[in-house]
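These notes concern the structure reproduced below.
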Amino acid sequence: MVYLILSAFFTFLLFLVRRIAAPPSVMVDIVLSLAFIVIIGFFLGKFFELLQFPAISGYLIAGLILSPYSFVGLMNLEPLESLTFITEIALVFIAIQSGMEMKMSFLKKHGRDIIKLTLSVACITFIGVFTASLLFFQRISLETPLKAAILLGILLILKSPLSTIAVIKESGVKTTEMGDTILAIAILKDIIVILLFAMLISLFGGEGSSVVLSIVELIGSLAVGVVVGGLVALYMRHVNVELSVFIFILAFLVSQFRFIHIDPLLVSIITGFFIQNFTFAGEEFQKVLDKISPAIYLLFFALVHALTDVHAIIKVIPIVLILIGVKWLFTELGLIVGTKDTIIKKYGSVGLINQSGLSLVLVLIIESTFPQIGGIIKVITIGVIIITDLFAPAMFKHALVKAAKERGRSRGKTSSAP
Amino acid sequence: MKEYFAVILFVIAVSFFSARVVFEKKRGFFRFAGLEIFILGVILSFVFSGRDFLTTLSPLFILALAFAGFGFGIQFEKGILKEIRAKSFLYGFLASLNFFILFFVLHFFYPVDIAIPLSAIFSIPSSSILFSIKKGKRPVIAGELSIVLVLIYYTVVMYGFKGVLLSVVLGLAGFLIIPFERILEKMEIYILFFGFLLLIASLSQMFNTSIILSAFFMGFVVAFFSKPRYSSAMVGRIEQPLFLSLLFSSGLFFQLGSIVIFAFLIVHIFIRFLFTFFLFKRKNIFFIPIGALGIALSIETQAPYIITFTAISYFILLVVFELIFRGGKWYT
């Protein structure tokens, strides 16, 4: 409660400051905006954590409250726009972290069954979301409804491995087969979506785009990712000082790769994947990433949402709710088709419903690459993230506990059977 | 605009990083003078010539100033304050008079608005050298007290008594962080420090008072009311990047003035020598260079002339200091 009071207090303070005096320059306004984003975002994040929600939900709501588009209108647009370079750097950081979640050992352990299940869930969810969004985009007469529906369909497949891990840890269930399965699906879905996404962006990207060019760019990005990962490992073997500053420099450099037609996101994910699975440095690198991640998440999620038009989200709430329903239903179908495990069929879809932070990263790329359709895709995705973040983690936690109990009971029955 | 921020942040990170990696084993003057960072700033100032560029960087300067004040304030741990005797106050007060003597000399050569910051800058020795030479010893405490007094004189003259009061009030923000020390992780506490420093720095600018003094009071509150070891760790953590950022900023403002600068520099070094000699009678703090706070004050003026002057003086004093006081662990 203290955190909520403090958030309210600082929001009121910002309101007062805005009424009493105007910043003498845009520069001071930038510092003031960043200060309140950090403080209010931090306290709201802590408040949400106490409520057993992801802290990201707090950052995201702080951003929406402070947004120049919100009904309070406490911040100006210009200073916030000057800070978008922070989100570009953070984006690379988050992508590296996502790449590091993909552990080969984990995937090997779960084998073919999990790949089959993931493909089933991903394909069926895509079909459902794609169809629903195509109908919606056609109804609102969007310029290129098919392209928009494909991109949104792919985005809504995603499910955050990071939040999955967090919920599994919080649930206190020690051996959780369902948790492991959901995590494996989330990780595999990340890989599939990112590969598809990189290809689609190159393919839809511009007049000169072609399949051959997109494949060349894709291979180039993969190769650069491996090289960067190798360089990181070399650095960690021979130098290994100031890792957090090193990561910042790395993130900055990788974020600039887009100027040479190399996808920064794919490079980052491959870098993370390579460091984790093919070098000795995975564990230490992961530790440093985990250490600095709260600050990165706070800045990224709060800033991105501060630049989001809240009114636009409110307008698309009906379609957001429909898409969440469709995603849920088709995920359930995917599980039914892909697995024989009754417990996963029964509880698994709850774990796969909430949208990942990575989709926010991808949606920003869509927004900058396809300005005509990027805006609507962004508001819908953010709407899905906000709403699913409000209920899905708590439901997943509950499902994990119930699944573990049920699994225990069924094992007891099996072992006591003659 | 955002490209500028990104480039500068990147350059600072690279500079800091290279200083740590490449020059880690340097000795003496080159050990951590930061000359290479300063020169990098000078080169970039030519690349991005024009005042607009410097104005664009204001947020960076604002943050660096706040960190400079905070880094100084956080040195005032309970343990150190217990060492203070009446004599320390007296010495500190006498040392702070350097400000008025310098002002008296300088006002014959410069307009008042330049003479005041210059007097403050040159009466402030490096607080971190003081901190690292002999922690808790009387001359050091007196030196630190003199810095506080000079900061207050400076704020009173530039912003009035209201400015000092406002800085105190803003510094009280430190009390909002202390209760969370036991609950939050270290990284979370750093995020809070970062947020609060940004806040009081921007409010200081908006309500017209010294960013450095406000941040100093916040650091003081945190150091005095929190665990001592924690405060010392903070100083070590923020000192190097902060100082390098300040030197880099000085380089960006580089602008050579008239030859009078150098004449005054020599006079200033001489006055500094006499003052410390008669006051403390200790060889090793005769020529304590201008530290992060002095450079921060010069940047707060945003006057290229003053900033260049301060930076050159810093490097000269650093060489002199190195010649006299060899081999010890020191920087900034």
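As shown in the structure tokens, the chain order sets the letters A, B, ...; within each chain, residues go from 1, and ligands are also counted from 1 in the order they appear.
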| task | Excluding A:Gly225 and residues on its chain fewer than 5 positions from it, collect all residues at most 9 Å away from it, counting only C-alpha atoms, and give them as a VMD selection string. | result | chain A and resid 220 230 264 266 to 274
| said: Taking only C-alpha atoms into account, find every residue of chain A that has an atom no more than 8 Å from chain B, and write it out as a ChimeraX atom specification. | reply: /A:21-24,27-32,34-36,38-39,42,81-86,239,241-242,245-246,248-249,252,291-292,294-295
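Put simply, atom CA of A:Gly41 is 7.8 Å away from atom CA of A:Ser7.
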| request: Figure out the distance between atom CA of A:Leu155 and atom CA of A:Tyr59, please, to one decimal in Å. | output: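 For atom CA of A:Tyr59 relative to atom CA of A:Leu155, the distance reads 21.0 Å.
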| field | Nearest-residue call for A:Met1, choices A:Ile89, A:Leu16, A:Ile185, A:Leu50, using only C-alpha atoms | value |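 Going through A:Ile89, A:Leu16, A:Ile185, A:Leu50 one by one, the smallest distance to A:Met1 is for A:Leu50.
Atom pair atom CA of A:Gln52 / atom CA of A:Ile387: separated by 15.1 Å.
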| Please, which residues of stretch 130-200 of chain B, numbered as in this document, come out alpha helix (DSSP H) from DSSP, as an MDAnalysis selection string? | chainID B and resid 130:133 138:159 161:171 174:177 186:200
| In terms of the shortest atom-to-atom distance over only C-alpha atoms, which of A:Ile336, A:Leu362, A:Leu77, A:Ala62 is closest to A:Thr118? |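 Among A:Ile336, A:Leu362, A:Leu77, A:Ala62, it is A:Ile336 that comes nearest to A:Thr118.
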| query | Could you pull the residues within 7 Å of stretch 158-169 of chain B, counting only C-alpha atoms, minus those fewer than 3 positions along the same chain, as number ranges by chain? | reply | B: 152, 154-155, 172, 208-209, 213-214, 217
| Exercise: A:Ile260 partners within 12 Å, only C-alpha atoms, chain neighbours under 4 positions left out, as a list in words |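 The contact residues come out as Glu217, Gly220, Ser221, Val224, Leu253, Val254, Ser255, Gln256 and Pro264 of chain A.
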Store the residues of this selection in a file with N, CA and C atoms, as a tab-separated table (two decimals), in the first residue's frame.
```tsv
chain	number	residue	atom	x	y	z
A	217	GLU	N	19.60	-11.55	-45.89
A	217	GLU	CA	19.65	-10.72	-44.69
A	217	GLU	C	19.53	-11.55	-43.43
A	220	GLY	N	22.74	-13.33	-42.92
A	220	GLY	CA	23.71	-12.32	-42.47
A	220	GLY	C	23.52	-12.01	-40.99
A	221	SER	N	22.27	-11.82	-40.59
A	221	SER	CA	21.98	-11.49	-39.19
A	221	SER	C	22.39	-12.63	-38.27
A	224	VAL	N	26.19	-12.61	-38.02
A	224	VAL	CA	26.67	-11.51	-37.17
A	224	VAL	C	26.39	-11.83	-35.69
A	253	LEU	N	25.78	-0.62	-29.95
A	253	LEU	CA	26.33	-0.96	-31.27
A	253	LEU	C	25.36	-1.83	-32.06
A	254	VAL	N	24.82	-2.83	-31.40
A	254	VAL	CA	23.91	-3.74	-32.12
A	254	VAL	C	22.66	-2.98	-32.59
A	255	SER	N	22.19	-2.03	-31.76
A	255	SER	CA	20.98	-1.29	-32.16
A	255	SER	C	21.23	-0.47	-33.44
A	256	GLN	N	22.49	-0.19	-33.74
A	256	GLN	CA	22.79	0.59	-34.95
A	256	GLN	C	22.93	-0.29	-36.20
A	264	PRO	N	18.87	-5.94	-35.92
A	264	PRO	CA	19.46	-5.91	-34.58
A	264	PRO	C	18.84	-6.94	-33.64
```
Can you pull out every residue within 9 Å of A:Ala302, counting only C-alpha atoms, but drop anything in the same chain fewer than 5 positions away, and send it as a compact mmCIF listing (two decimals) with C-alpha atoms, in the first residue's frame?
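And here's around_26.txt as it stands now:
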```
# COMPACT_ATOMS: atom_id res chain seq x y z
CA ILE A 37 8.90 8.09 -15.06
CA VAL A 38 11.62 6.34 -13.06
CA GLY A 41 7.23 3.52 -12.52
CA ILE A 56 6.18 -4.81 -15.80
CA GLY A 58 3.27 -1.40 -12.97
CA TYR A 59 5.79 0.18 -15.35
CA LEU A 60 3.31 -0.06 -18.14
CA ILE A 61 0.49 1.57 -16.16
CA ALA A 62 2.87 4.30 -14.94
CA GLY A 63 3.73 5.02 -18.57
CA LEU A 64 0.08 5.19 -19.55
CA LEU A 66 2.09 9.85 -17.39
CA TYR A 297 12.65 -2.98 -18.00
CA LEU A 307 4.38 7.39 -25.85
```
| From A:Leu183, A:Ile215, A:Val288, A:Leu303, residue lying nearest A:Ser244 [only C-alpha atoms] | A:Val288
| request: Find the spatial neighbours of A:Glu49, counting only C-alpha atoms, within a cut-off of 12 Å - ignore same-chain residues fewer than 2 positions away - and output them as a PyMOL selection string. | output: chain A and resi 1+3-4+42-47+51-59+166-167+170+389-390+393-394
